[in-house]
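Shown next: input.txt, containing compact mmCIF, C-alpha atoms.
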```
# COMPACT_ATOMS: atom_id res chain seq x y z
CA MET A 1 0.00 0.00 0.00
CA SER A 2 1.30 3.44 -0.93
CA THR A 3 1.79 5.88 1.90
CA ALA A 4 2.18 9.63 1.87
CA PRO A 5 5.59 11.06 2.73
CA PRO A 6 5.73 12.78 6.13
CA VAL A 7 7.07 15.96 4.54
CA GLN A 8 5.61 17.62 1.45
CA THR A 9 7.35 20.50 -0.34
CA LEU A 10 4.44 22.83 -0.89
CA ARG A 11 6.64 25.77 -1.80
CA SER A 12 7.82 24.08 -4.96
CA ALA A 13 4.67 22.10 -5.78
CA TRP A 14 3.20 24.77 -8.08
CA TRP A 15 5.94 24.69 -10.71
CA VAL A 16 5.99 20.93 -11.40
CA PRO A 17 5.11 20.24 -15.06
CA ARG A 18 1.94 18.24 -15.62
CA ILE A 19 3.73 15.10 -16.75
CA GLU A 20 2.06 12.02 -15.38
CA ARG A 21 4.10 9.07 -14.28
CA ALA A 22 1.82 6.80 -16.29
CA THR A 23 2.63 8.67 -19.54
CA LEU A 24 6.33 8.66 -18.76
CA LYS A 25 6.33 4.94 -17.99
CA GLY A 26 4.46 4.23 -21.21
CA LEU A 27 6.92 6.23 -23.28
CA MET A 28 9.87 4.45 -21.71
CA LYS A 29 8.35 1.07 -22.57
CA ARG A 30 8.05 2.09 -26.22
CA ALA A 31 11.29 4.05 -26.44
CA ASN A 32 14.36 2.57 -28.11
CA GLY A 33 17.89 3.85 -28.53
CA PRO A 34 18.26 7.65 -28.33
CA GLY A 35 14.66 8.13 -27.18
CA LEU A 36 15.29 6.16 -24.02
CA TYR A 37 18.44 8.17 -23.25
CA PHE A 38 16.54 11.41 -23.85
CA LEU A 39 13.84 10.41 -21.36
CA ALA A 40 16.46 9.41 -18.79
CA VAL A 41 18.30 12.74 -19.10
CA TRP A 42 15.00 14.67 -18.96
CA GLY A 43 14.03 12.85 -15.76
CA LEU A 44 17.38 13.65 -14.17
CA LEU A 45 17.02 17.33 -15.09
CA LEU A 46 13.55 17.47 -13.52
CA ALA A 47 14.81 15.80 -10.35
CA ALA A 48 17.78 18.18 -10.11
CA ALA A 49 15.55 21.22 -10.64
CA GLY A 50 13.12 20.03 -7.98
CA LEU A 51 15.94 19.46 -5.49
CA TRP A 52 17.40 22.90 -6.20
CA ILE A 53 14.05 24.66 -5.61
CA HIS A 54 13.45 22.57 -2.51
CA LEU A 55 16.77 23.67 -1.01
CA ALA A 56 16.55 27.26 -2.20
CA ARG A 57 13.01 28.01 -1.10
CA GLY A 58 12.55 25.64 1.81
CA SER A 59 9.82 23.12 2.48
CA ALA A 60 6.62 23.24 4.52
CA TRP A 61 6.38 20.79 7.39
CA LEU A 62 2.80 19.60 7.65
CA VAL A 63 1.10 18.50 10.86
CA PRO A 64 -1.37 15.57 10.70
CA ALA A 65 -4.38 17.92 11.02
CA VAL A 66 -3.69 19.19 7.38
CA ILE A 67 -1.81 16.33 5.88
CA SER A 68 -0.80 16.72 2.18
CA TYR A 69 -2.86 19.81 1.61
CA GLY A 70 -1.47 21.93 -1.17
CA VAL A 71 -1.01 19.00 -3.54
CA VAL A 72 -4.25 17.27 -2.63
CA LEU A 73 -6.85 18.61 -5.05
CA GLY A 74 -9.32 15.78 -4.67
CA PHE A 75 -10.30 13.04 -2.24
CA ALA A 76 -11.58 9.60 -3.15
CA TYR A 77 -12.88 6.54 -1.36
CA ALA A 78 -10.73 3.94 -3.05
CA PRO A 79 -8.20 1.28 -2.01
CA SER A 80 -4.73 2.71 -2.43
CA HIS A 81 -3.43 -0.29 -4.40
CA GLU A 82 -6.02 0.43 -7.11
CA CYS A 83 -4.57 3.89 -7.74
CA ALA A 84 -1.92 2.62 -10.12
CA HIS A 85 -0.63 6.00 -11.25
CA GLY A 86 -1.61 8.27 -8.37
CA THR A 87 -0.65 8.23 -4.73
CA ALA A 88 -3.29 7.25 -2.19
CA PHE A 89 -3.15 6.63 1.53
CA ARG A 90 -5.51 6.17 4.44
CA SER A 91 -5.56 9.16 6.79
CA ARG A 92 -6.38 8.14 10.35
CA TRP A 93 -6.76 11.82 11.29
CA LEU A 94 -9.42 12.51 8.65
CA ASN A 95 -10.79 8.93 8.55
CA GLU A 96 -10.83 8.73 4.76
CA THR A 97 -8.76 7.59 1.81
CA VAL A 98 -6.86 10.43 0.19
CA LEU A 99 -5.88 10.56 -3.47
CA TRP A 100 -3.38 13.24 -4.34
CA GLY A 101 -1.49 14.31 -7.44
CA LEU A 102 -0.06 17.23 -9.39
CA GLY A 103 -3.34 18.94 -10.27
CA ASP A 104 -6.97 18.61 -11.32
CA LEU A 105 -6.08 17.12 -14.71
CA HIS A 106 -3.84 14.54 -13.10
CA LEU A 107 -6.51 13.43 -10.63
CA ARG A 108 -9.24 13.26 -13.27
CA SER A 109 -6.95 11.10 -15.38
CA VAL A 110 -6.30 8.76 -12.44
CA LEU A 111 -10.02 8.42 -11.69
CA GLU A 112 -10.81 7.71 -15.34
CA ARG A 113 -8.07 5.08 -15.43
CA MET A 114 -9.44 3.44 -12.28
CA ALA A 115 -12.87 3.23 -13.91
CA SER A 116 -11.65 1.92 -17.27
CA GLN A 117 -8.89 -0.47 -16.20
CA PHE A 118 -10.11 -1.66 -12.79
CA LYS A 119 -13.89 -1.15 -13.24
CA LEU A 120 -13.84 0.73 -9.97
CA GLU A 121 -16.30 3.59 -9.61
CA VAL A 122 -15.34 5.90 -6.75
CA THR A 123 -17.16 8.70 -5.00
CA THR A 124 -15.26 11.94 -4.63
CA ARG A 125 -16.02 14.96 -2.49
CA PRO A 126 -14.24 18.01 -1.08
CA PRO A 127 -11.61 17.31 1.58
CA ARG A 128 -12.58 17.29 5.22
CA ILE A 129 -11.36 20.13 7.39
CA PRO A 130 -9.51 18.96 10.53
CA TYR A 131 -11.54 21.08 12.95
CA ARG A 132 -10.96 20.84 16.69
CA GLU A 133 -13.03 21.86 19.68
CA THR A 134 -12.13 23.23 23.09
CA ILE A 135 -13.64 25.05 26.07
CA ARG A 136 -13.36 28.65 27.25
CA LYS A 137 -14.22 28.47 30.93
CA ARG A 138 -14.16 26.21 33.97
CA ALA A 139 -17.02 23.80 34.68
CA ASN A 140 -17.80 20.88 36.97
CA GLY A 141 -19.03 17.51 35.77
CA GLU A 142 -20.26 14.31 37.37
CA GLY A 143 -20.70 10.86 35.95
CA ARG A 144 -22.42 8.00 37.74
CA PHE A 145 -22.77 4.63 36.03
CA VAL A 146 -25.03 2.11 37.79
CA ARG A 147 -26.32 -1.15 36.33
CA GLN A 148 -28.06 -3.92 38.24
CA SER A 149 -29.08 -7.08 36.40
CA GLY A 150 -29.84 -9.57 39.17
CA GLY A 151 -26.29 -10.79 39.69
CA LYS A 152 -23.17 -8.72 40.05
CA GLY A 153 -23.89 -5.17 38.94
CA GLN A 154 -21.79 -2.30 37.67
CA TYR A 155 -20.99 0.82 39.65
CA GLY A 156 -18.69 3.74 38.92
CA HIS A 157 -18.80 7.36 40.05
CA ALA A 158 -16.47 10.23 39.13
CA VAL A 159 -16.55 13.98 39.78
CA ILE A 160 -14.30 16.20 37.66
CA VAL A 161 -13.44 19.82 36.94
CA ALA A 162 -12.79 20.71 33.28
CA GLU A 163 -10.98 23.93 32.40
CA PRO A 164 -9.13 25.46 29.44
CA GLY A 165 -5.52 24.35 29.10
CA GLU A 166 -2.49 26.06 27.65
CA LYS A 167 -2.35 26.19 23.86
CA GLY A 168 -0.61 23.17 22.42
CA THR A 169 -0.96 21.02 25.55
CA GLY A 170 -3.72 18.84 24.13
CA TYR A 171 -5.33 16.87 26.95
CA VAL A 172 -4.01 16.98 30.52
CA PHE A 173 -5.35 14.79 33.33
CA VAL A 174 -4.78 15.68 36.99
CA ASP A 175 -5.53 13.30 39.86
CA LYS A 176 -6.51 15.04 43.11
CA ILE A 177 -8.24 12.17 44.85
CA VAL A 178 -7.61 12.13 48.60
CA GLY A 179 -8.88 9.81 51.27
CA GLY A 180 -9.38 6.86 48.93
CA SER A 181 -12.81 7.89 47.63
CA VAL A 182 -11.74 6.25 44.36
CA PRO A 183 -9.31 3.30 44.56
CA ARG A 184 -6.03 3.73 42.71
CA GLU A 185 -6.79 0.91 40.27
CA PHE A 186 -9.79 2.85 38.94
CA ILE A 187 -7.98 6.15 38.30
CA LYS A 188 -6.52 4.98 34.98
CA PRO A 189 -9.88 3.76 33.57
CA ILE A 190 -11.43 7.16 34.41
CA ASN A 191 -8.59 8.86 32.53
CA GLU A 192 -9.07 6.55 29.54
CA GLY A 193 -12.82 7.19 29.47
CA ILE A 194 -12.29 10.96 29.49
CA ARG A 195 -9.62 10.76 26.78
CA GLU A 196 -11.82 8.65 24.49
CA ALA A 197 -14.80 10.97 24.93
CA LEU A 198 -12.60 13.98 24.16
CA GLN A 199 -11.18 12.31 21.05
CA THR A 200 -14.65 11.43 19.76
CA GLY A 201 -15.92 14.97 20.22
CA ILE A 202 -18.76 16.23 22.38
CA TYR A 203 -19.79 19.65 21.12
CA ALA A 204 -19.55 19.37 17.32
CA GLY A 205 -18.08 15.90 16.82
CA PHE A 206 -14.44 16.99 16.49
CA PRO A 207 -11.50 15.97 18.71
CA GLY A 208 -11.05 18.16 21.78
CA VAL A 209 -7.75 19.92 22.46
CA ASP A 210 -6.19 22.10 25.14
CA VAL A 211 -8.40 20.81 27.94
CA THR A 212 -7.28 20.12 31.51
CA VAL A 213 -9.44 17.71 33.51
CA THR A 214 -9.01 17.29 37.26
CA LEU A 215 -10.47 14.30 39.07
CA VAL A 216 -11.60 15.62 42.46
CA ASP A 217 -14.01 13.06 43.89
CA GLY A 218 -15.99 9.89 43.33
CA SER A 219 -17.22 6.76 45.00
CA TYR A 220 -17.12 3.00 44.53
CA HIS A 221 -18.82 -0.24 45.55
CA ASP A 222 -16.86 -3.07 47.10
CA VAL A 223 -18.47 -5.70 44.87
CA ASP A 224 -19.98 -4.01 41.82
CA SER A 225 -17.21 -1.55 40.88
CA SER A 226 -15.08 -2.43 37.86
CA GLU A 227 -12.68 -0.77 35.47
CA MET A 228 -15.31 -0.65 32.72
CA ALA A 229 -17.82 1.02 35.03
CA PHE A 230 -15.35 3.75 35.98
CA LYS A 231 -14.30 4.22 32.37
CA ILE A 232 -17.91 4.89 31.43
CA ALA A 233 -18.34 7.14 34.47
CA GLY A 234 -15.33 9.22 33.39
CA SER A 235 -16.78 9.62 29.92
CA MET A 236 -20.16 10.63 31.37
CA ALA A 237 -18.51 13.18 33.65
CA LEU A 238 -16.78 14.93 30.76
CA LYS A 239 -19.97 14.93 28.68
CA ASP A 240 -21.68 16.58 31.65
CA ALA A 241 -19.01 19.27 32.07
CA PHE A 242 -18.20 20.10 28.44
CA PRO A 243 -21.47 21.83 27.44
CA LYS A 244 -21.31 23.98 30.59
CA ALA A 245 -17.72 25.10 29.86
CA ASP A 246 -18.59 27.41 26.91
CA PRO A 247 -17.29 25.14 24.12
CA CYS A 248 -16.15 26.45 20.73
CA VAL A 249 -14.83 25.09 17.42
CA LEU A 250 -11.29 25.76 16.19
CA GLU A 251 -10.18 25.76 12.55
CA PRO A 252 -6.70 25.56 10.97
CA VAL A 253 -5.37 28.89 9.71
CA MET A 254 -2.71 28.85 7.00
CA ASN A 255 0.22 31.12 6.25
CA VAL A 256 -0.32 31.97 2.59
CA GLU A 257 2.26 33.65 0.36
CA VAL A 258 1.18 34.76 -3.11
CA THR A 259 3.69 35.92 -5.75
CA MET A 260 2.34 37.87 -8.74
CA PRO A 261 2.95 40.76 -11.12
CA GLU A 262 2.07 44.13 -9.60
CA GLN A 263 -0.99 44.76 -11.82
CA PHE A 264 -2.85 41.86 -10.21
CA MET A 265 -2.20 42.82 -6.57
CA GLY A 266 -5.58 44.50 -6.04
CA ASP A 267 -7.54 41.52 -7.30
CA VAL A 268 -5.49 39.07 -5.25
CA ILE A 269 -5.82 41.05 -2.01
CA GLY A 270 -9.56 41.48 -2.55
CA ASP A 271 -9.95 37.75 -3.11
CA LEU A 272 -7.99 36.93 0.05
CA ASN A 273 -10.19 39.28 2.07
CA SER A 274 -13.29 37.59 0.67
CA ARG A 275 -11.92 34.28 2.01
CA ARG A 276 -11.81 35.61 5.57
CA GLY A 277 -8.11 36.25 5.15
CA GLN A 278 -5.99 38.73 7.06
CA VAL A 279 -3.26 40.40 5.01
CA LEU A 280 -0.05 40.55 7.03
CA GLY A 281 2.18 42.44 4.64
CA MET A 282 3.50 43.01 1.12
CA GLU A 283 7.00 43.18 -0.30
CA ASN A 284 8.87 43.51 -3.57
CA ARG A 285 10.77 40.50 -4.83
CA GLY A 286 12.54 41.38 -8.05
CA THR A 287 9.93 42.30 -10.65
CA THR A 288 7.08 40.72 -8.70
CA GLN A 289 5.01 41.51 -5.64
CA VAL A 290 4.57 39.14 -2.70
CA VAL A 291 1.50 39.23 -0.46
CA LYS A 292 1.54 37.40 2.86
CA ALA A 293 -1.70 36.59 4.66
CA ASN A 294 -3.36 34.29 7.17
CA VAL A 295 -6.33 32.48 5.62
CA PRO A 296 -8.54 29.71 7.06
CA LEU A 297 -7.91 26.36 5.40
CA ALA A 298 -11.63 25.92 4.73
CA ALA A 299 -11.56 28.95 2.43
CA MET A 300 -8.51 27.82 0.40
CA PHE A 301 -9.96 24.90 -1.55
CA GLY A 302 -10.02 25.71 -5.22
CA TYR A 303 -7.71 28.67 -4.72
CA ALA A 304 -5.17 27.44 -7.29
CA THR A 305 -7.80 27.53 -10.04
CA ASP A 306 -9.20 30.91 -8.94
CA LEU A 307 -5.73 32.44 -8.71
CA ARG A 308 -4.85 31.19 -12.17
CA SER A 309 -8.03 32.75 -13.58
CA MET A 310 -7.61 36.17 -11.99
CA THR A 311 -3.92 36.51 -12.88
CA GLN A 312 -3.87 34.91 -16.33
CA GLY A 313 -1.77 32.08 -14.95
CA ARG A 314 1.06 34.43 -13.90
CA ALA A 315 0.84 34.00 -10.11
CA ALA A 316 1.89 31.28 -7.70
CA PHE A 317 1.25 30.63 -4.04
CA SER A 318 2.52 28.52 -1.16
CA MET A 319 0.91 27.72 2.16
CA GLU A 320 1.67 26.05 5.46
CA LEU A 321 -0.10 25.66 8.79
CA SER A 322 0.13 28.70 11.07
CA HIS A 323 -2.18 28.04 14.01
CA TYR A 324 -5.69 27.13 15.07
CA ALA A 325 -8.24 29.88 15.68
CA GLU A 326 -11.87 30.04 16.75
CA VAL A 327 -14.37 29.92 13.89
CA PRO A 328 -17.08 32.60 13.57
CA SER A 329 -20.23 31.82 15.53
CA HIS A 330 -22.45 31.26 12.47
CA ILE A 331 -20.02 28.68 11.06
CA ALA A 332 -19.80 26.95 14.46
CA GLN A 333 -23.60 26.71 14.58
CA GLU A 334 -23.65 25.10 11.14
CA LEU A 335 -21.01 22.56 12.17
CA VAL A 336 -22.90 21.70 15.36
CA ALA A 337 -26.13 21.27 13.38
CA LYS A 338 -24.40 18.96 10.89
CA SER A 339 -22.93 16.92 13.73
CA LYS A 340 -26.36 16.46 15.35
CA THR A 341 -27.91 15.52 12.01
CA ALA A 342 -25.19 12.93 11.35
CA ALA A 343 -25.61 11.49 14.85
CA GLN A 344 -29.35 11.05 14.33
CA ALA A 345 -28.94 9.44 10.89
```
Please render this file's structure as structure tokens.
Amino acid sequence: MSTAPPVQTLRSAWWVPRIERATLKGLMKRANGPGLYFLAVWGLLLAAAGLWIHLARGSAWLVPAVISYGVVLGFAYAPSHECAHGTAFRSRWLNETVLWGLGDLHLRSVLERMASQFKLEVTTRPPRIPYRETIRKRANGEGRFVRQSGGKGQYGHAVIVAEPGEKGTGYVFVDKIVGGSVPREFIKPINEGIREALQTGIYAGFPGVDVTVTLVDGSYHDVDSSEMAFKIAGSMALKDAFPKADPCVLEPVMNVEVTMPEQFMGDVIGDLNSRRGQVLGMENRGTTQVVKANVPLAAMFGYATDLRSMTQGRAAFSMELSHYAEVPSHIAQELVAKSKTAAQA
């Protein structure tokens, strides 16, 4: 199975000629004598040019939340081994199979080849955005799991305090149990239950980040208590506290750098502003102008095509993850509504 490289050079991705590996491999099979040597030399020149640009301009290190974006122009539900001339991999962060290539034409060609050669019809859709959710204030939560079925029952009880954590800390668990209200062997299951509930998502169905949870109290039963019961109790406690802690949705914001001739600067800046972008600055670079901005990832899909249209194909851009920021309230409400609809389906 093909896997995506951990590092993708977005800064040089725009210049790569639209030469598909399938076409090149076919030509090499049919080439004889000088033609074969020509193709070999041409391949070496392309590789050398790509390495030079990679070293000269730098590469963008991608976190898993936005894996391969910038060269991914389409997503497909398809086994990666079927994508004979494209690269596909299964993203555990986005929970989907990703097909990526050099551009729209490349991906359309791969999908057509999959249909004609492998009789495999795939469903494509826009990429998922790796949203996250967090809380903005402190709240208490309590989870009590009790089941009695005639024989040995199940009993677990946990009381927690959830509060915002430092940015970048993810999930932090603090144990402040005193007096043995919860036996030590049940502390870990409570932590696991909270972690799983946070990873699943409570507010809008996205993984929770930058949350500190403190276990402050609880109770147990000498006979009926078990690790599973306390794991469920921990999950219930977080689900009780999260809605009361003023939750919000976070979205990835990208550092975008657009290079263009000066006559197109007004159109480019206006388009970035329409995408909820924030222009950070402009500078001259030789005979071109460079605009730097922060733009939400959700607003950047299709930007390569739009930029080509508004600049007559004379502009280029690069992007890399900058940070996560809170989404506007109306977008958060839409995401919450979609999450509830999906849960009821």
Would you work out the distance separating CA of Arg136 (chain A) from CA of Asp246 (chain A), expressed in Å to one decimal?
5.4 Å
Using only C-alpha atoms, determine which residues lie at most 8 Å from region 147-155 of chain A, disregarding the query and same-chain residues fewer than 3 positions distant; provide the list as JSON, numbers by chain.
{"A": [144, 220, 221, 223, 224, 225, 226, 229, 230]}
Find the residue from A:Glu112, A:Glu262, A:Asp240, A:Asp217 that sits nearest to Ala197 (chain A); use all atoms listed in the file when measuring.
A:Asp240
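For the set A:Met260, A:Ala162, A:Val182, A:Ile135, the residue with the smallest atom-to-atom gap to Arg308 (chain A) is A:Met260, counting all atoms listed in the file.
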Between A:Phe206, A:Phe118, A:Phe301, A:Phe145, single out the one closest to Asp104 (chain A), counting all atoms listed in the file.
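Comparing A:Phe206, A:Phe118, A:Phe301, A:Phe145 against Asp104 (chain A), the winner is A:Phe301.
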When you count all atoms listed in the file, which of these residues is closest to Tyr131 (chain A): A:Pro189, A:Gly156, A:Pro183, A:Pro207?
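Under the stated criterion, the closest residue is A:Pro207.
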Counting all atoms listed in the file, select every polymer residue within 9 Å of (1.9, 30.2, 5.2) as defined in the file's coordinates, and provide the selection as a PyMOL selection string.
chain A and resi 60+253-257+292-295+318-322
Store the residues picked out above in a file with C-alpha atoms, as a PDB file, in the coordinates of the input.
```
ATOM      1  CA  ALA A  60       6.620  23.240   4.520  1.00  0.00           C
ATOM      2  CA  VAL A 253      -5.370  28.890   9.710  1.00  0.00           C
ATOM      3  CA  MET A 254      -2.710  28.850   7.000  1.00  0.00           C
ATOM      4  CA  ASN A 255       0.220  31.120   6.250  1.00  0.00           C
ATOM      5  CA  VAL A 256      -0.320  31.970   2.590  1.00  0.00           C
ATOM      6  CA  GLU A 257       2.260  33.650   0.360  1.00  0.00           C
ATOM      7  CA  LYS A 292       1.540  37.400   2.860  1.00  0.00           C
ATOM      8  CA  ALA A 293      -1.700  36.590   4.660  1.00  0.00           C
ATOM      9  CA  ASN A 294      -3.360  34.290   7.170  1.00  0.00           C
ATOM     10  CA  VAL A 295      -6.330  32.480   5.620  1.00  0.00           C
ATOM     11  CA  SER A 318       2.520  28.520  -1.160  1.00  0.00           C
ATOM     12  CA  MET A 319       0.910  27.720   2.160  1.00  0.00           C
ATOM     13  CA  GLU A 320       1.670  26.050   5.460  1.00  0.00           C
ATOM     14  CA  LEU A 321      -0.100  25.660   8.790  1.00  0.00           C
ATOM     15  CA  SER A 322       0.130  28.700  11.070  1.00  0.00           C
TER      16      SER A 322
END
```
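In this comparison, which uses only C-alpha atoms, the residue of A:Thr212, A:Thr124, A:Leu297, A:Arg285 approaching Leu107 (chain A) most closely is A:Thr124.
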For a quick check of understanding, using all atoms listed in the file, which of A:Tyr324, A:Phe242, A:Phe264, A:Phe173 has the smallest distance to Asn191 (chain A)?
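Looking at the shortest contact to Asn191 (chain A), the residue is A:Phe173.
The space between CA of Gly270 (chain A) and CA of Arg314 (chain A) spans 17.1 Å.
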Grab the CA of Pro261 (chain A) to CA of Arg276 (chain A) distance for me, in Å with one decimal place.
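So the two atoms, CA of Pro261 (chain A) and CA of Arg276 (chain A), lie 22.9 Å apart.
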N, CA and C atoms are what I want for region 136-165 of chain A; can you complete it accordingly and write them as a PDB file, in the frame of the given file?
```
ATOM      1  N   ARG A 136     -13.851  27.315  26.940  1.00  0.00           N
ATOM      2  CA  ARG A 136     -13.360  28.650  27.250  1.00  0.00           C
ATOM      3  C   ARG A 136     -13.491  29.021  28.724  1.00  0.00           C
ATOM      4  N   LYS A 137     -14.119  28.163  29.514  1.00  0.00           N
ATOM      5  CA  LYS A 137     -14.220  28.470  30.930  1.00  0.00           C
ATOM      6  C   LYS A 137     -14.267  27.185  31.750  1.00  0.00           C
ATOM      7  N   ARG A 138     -14.194  27.333  33.042  1.00  0.00           N
ATOM      8  CA  ARG A 138     -14.160  26.210  33.970  1.00  0.00           C
ATOM      9  C   ARG A 138     -15.575  25.708  34.246  1.00  0.00           C
ATOM     10  N   ALA A 139     -15.709  24.389  34.382  1.00  0.00           N
ATOM     11  CA  ALA A 139     -17.020  23.800  34.680  1.00  0.00           C
ATOM     12  C   ALA A 139     -16.832  22.477  35.406  1.00  0.00           C
ATOM     13  N   ASN A 140     -17.815  22.139  36.251  1.00  0.00           N
ATOM     14  CA  ASN A 140     -17.800  20.880  36.970  1.00  0.00           C
ATOM     15  C   ASN A 140     -18.643  19.848  36.236  1.00  0.00           C
ATOM     16  N   GLY A 141     -18.279  18.590  36.400  1.00  0.00           N
ATOM     17  CA  GLY A 141     -19.030  17.510  35.770  1.00  0.00           C
ATOM     18  C   GLY A 141     -19.052  16.282  36.656  1.00  0.00           C
ATOM     19  N   GLU A 142     -20.123  15.513  36.557  1.00  0.00           N
ATOM     20  CA  GLU A 142     -20.260  14.310  37.370  1.00  0.00           C
ATOM     21  C   GLU A 142     -20.824  13.187  36.521  1.00  0.00           C
ATOM     22  N   GLY A 143     -20.232  12.027  36.671  1.00  0.00           N
ATOM     23  CA  GLY A 143     -20.700  10.860  35.950  1.00  0.00           C
ATOM     24  C   GLY A 143     -20.918   9.700  36.907  1.00  0.00           C
ATOM     25  N   ARG A 144     -22.103   9.133  36.869  1.00  0.00           N
ATOM     26  CA  ARG A 144     -22.420   8.000  37.740  1.00  0.00           C
ATOM     27  C   ARG A 144     -23.014   6.888  36.875  1.00  0.00           C
ATOM     28  N   PHE A 145     -22.315   5.765  36.828  1.00  0.00           N
ATOM     29  CA  PHE A 145     -22.770   4.630  36.030  1.00  0.00           C
ATOM     30  C   PHE A 145     -23.181   3.503  36.965  1.00  0.00           C
ATOM     31  N   VAL A 146     -24.483   3.151  36.909  1.00  0.00           N
ATOM     32  CA  VAL A 146     -25.030   2.110  37.790  1.00  0.00           C
ATOM     33  C   VAL A 146     -25.862   1.154  36.944  1.00  0.00           C
ATOM     34  N   ARG A 147     -25.549  -0.117  37.018  1.00  0.00           N
ATOM     35  CA  ARG A 147     -26.320  -1.150  36.330  1.00  0.00           C
ATOM     36  C   ARG A 147     -26.522  -2.328  37.283  1.00  0.00           C
ATOM     37  N   GLN A 148     -27.763  -2.778  37.405  1.00  0.00           N
ATOM     38  CA  GLN A 148     -28.060  -3.920  38.240  1.00  0.00           C
ATOM     39  C   GLN A 148     -28.897  -4.897  37.438  1.00  0.00           C
ATOM     40  N   SER A 149     -28.400  -6.118  37.256  1.00  0.00           N
ATOM     41  CA  SER A 149     -29.080  -7.080  36.400  1.00  0.00           C
ATOM     42  C   SER A 149     -29.382  -8.393  37.121  1.00  0.00           C
ATOM     43  N   GLY A 150     -29.521  -8.349  38.429  1.00  0.00           N
ATOM     44  CA  GLY A 150     -29.840  -9.570  39.170  1.00  0.00           C
ATOM     45  C   GLY A 150     -28.633 -10.179  39.837  1.00  0.00           C
ATOM     46  N   GLY A 151     -27.519 -10.272  39.098  1.00  0.00           N
ATOM     47  CA  GLY A 151     -26.290 -10.790  39.690  1.00  0.00           C
ATOM     48  C   GLY A 151     -25.384  -9.643  40.089  1.00  0.00           C
ATOM     49  N   LYS A 152     -24.106  -9.793  39.768  1.00  0.00           N
ATOM     50  CA  LYS A 152     -23.170  -8.720  40.050  1.00  0.00           C
ATOM     51  C   LYS A 152     -23.456  -7.538  39.143  1.00  0.00           C
ATOM     52  N   GLY A 153     -23.575  -6.362  39.710  1.00  0.00           N
ATOM     53  CA  GLY A 153     -23.890  -5.170  38.940  1.00  0.00           C
ATOM     54  C   GLY A 153     -22.647  -4.411  38.525  1.00  0.00           C
ATOM     55  N   GLN A 154     -22.869  -3.187  38.083  1.00  0.00           N
ATOM     56  CA  GLN A 154     -21.790  -2.300  37.670  1.00  0.00           C
ATOM     57  C   GLN A 154     -21.975  -0.963  38.384  1.00  0.00           C
ATOM     58  N   TYR A 155     -20.893  -0.464  38.955  1.00  0.00           N
ATOM     59  CA  TYR A 155     -20.990   0.820  39.650  1.00  0.00           C
ATOM     60  C   TYR A 155     -19.678   1.598  39.481  1.00  0.00           C
ATOM     61  N   GLY A 156     -19.837   2.834  39.030  1.00  0.00           N
ATOM     62  CA  GLY A 156     -18.690   3.740  38.920  1.00  0.00           C
ATOM     63  C   GLY A 156     -19.171   5.164  39.079  1.00  0.00           C
ATOM     64  N   HIS A 157     -18.402   5.981  39.768  1.00  0.00           N
ATOM     65  CA  HIS A 157     -18.800   7.360  40.050  1.00  0.00           C
ATOM     66  C   HIS A 157     -17.561   8.253  40.037  1.00  0.00           C
ATOM     67  N   ALA A 158     -17.607   9.321  39.244  1.00  0.00           N
ATOM     68  CA  ALA A 158     -16.470  10.230  39.130  1.00  0.00           C
ATOM     69  C   ALA A 158     -16.973  11.666  39.097  1.00  0.00           C
ATOM     70  N   VAL A 159     -16.264  12.543  39.772  1.00  0.00           N
ATOM     71  CA  VAL A 159     -16.550  13.980  39.780  1.00  0.00           C
ATOM     72  C   VAL A 159     -15.295  14.689  39.280  1.00  0.00           C
ATOM     73  N   ILE A 160     -15.451  15.551  38.279  1.00  0.00           N
ATOM     74  CA  ILE A 160     -14.300  16.200  37.660  1.00  0.00           C
ATOM     75  C   ILE A 160     -14.512  17.706  37.561  1.00  0.00           C
ATOM     76  N   VAL A 161     -13.424  18.397  37.272  1.00  0.00           N
ATOM     77  CA  VAL A 161     -13.440  19.820  36.940  1.00  0.00           C
ATOM     78  C   VAL A 161     -12.707  19.965  35.611  1.00  0.00           C
ATOM     79  N   ALA A 162     -13.396  20.491  34.605  1.00  0.00           N
ATOM     80  CA  ALA A 162     -12.790  20.710  33.280  1.00  0.00           C
ATOM     81  C   ALA A 162     -12.526  22.196  33.116  1.00  0.00           C
ATOM     82  N   GLU A 163     -11.346  22.538  32.601  1.00  0.00           N
ATOM     83  CA  GLU A 163     -10.980  23.930  32.400  1.00  0.00           C
ATOM     84  C   GLU A 163     -10.065  24.064  31.197  1.00  0.00           C
ATOM     85  N   PRO A 164     -10.017  25.268  30.604  1.00  0.00           N
ATOM     86  CA  PRO A 164      -9.130  25.460  29.440  1.00  0.00           C
ATOM     87  C   PRO A 164      -7.675  25.226  29.814  1.00  0.00           C
ATOM     88  N   GLY A 165      -6.944  24.578  28.903  1.00  0.00           N
ATOM     89  CA  GLY A 165      -5.520  24.350  29.100  1.00  0.00           C
ATOM     90  C   GLY A 165      -4.692  25.307  28.274  1.00  0.00           C
TER      91      GLY A 165
END
```
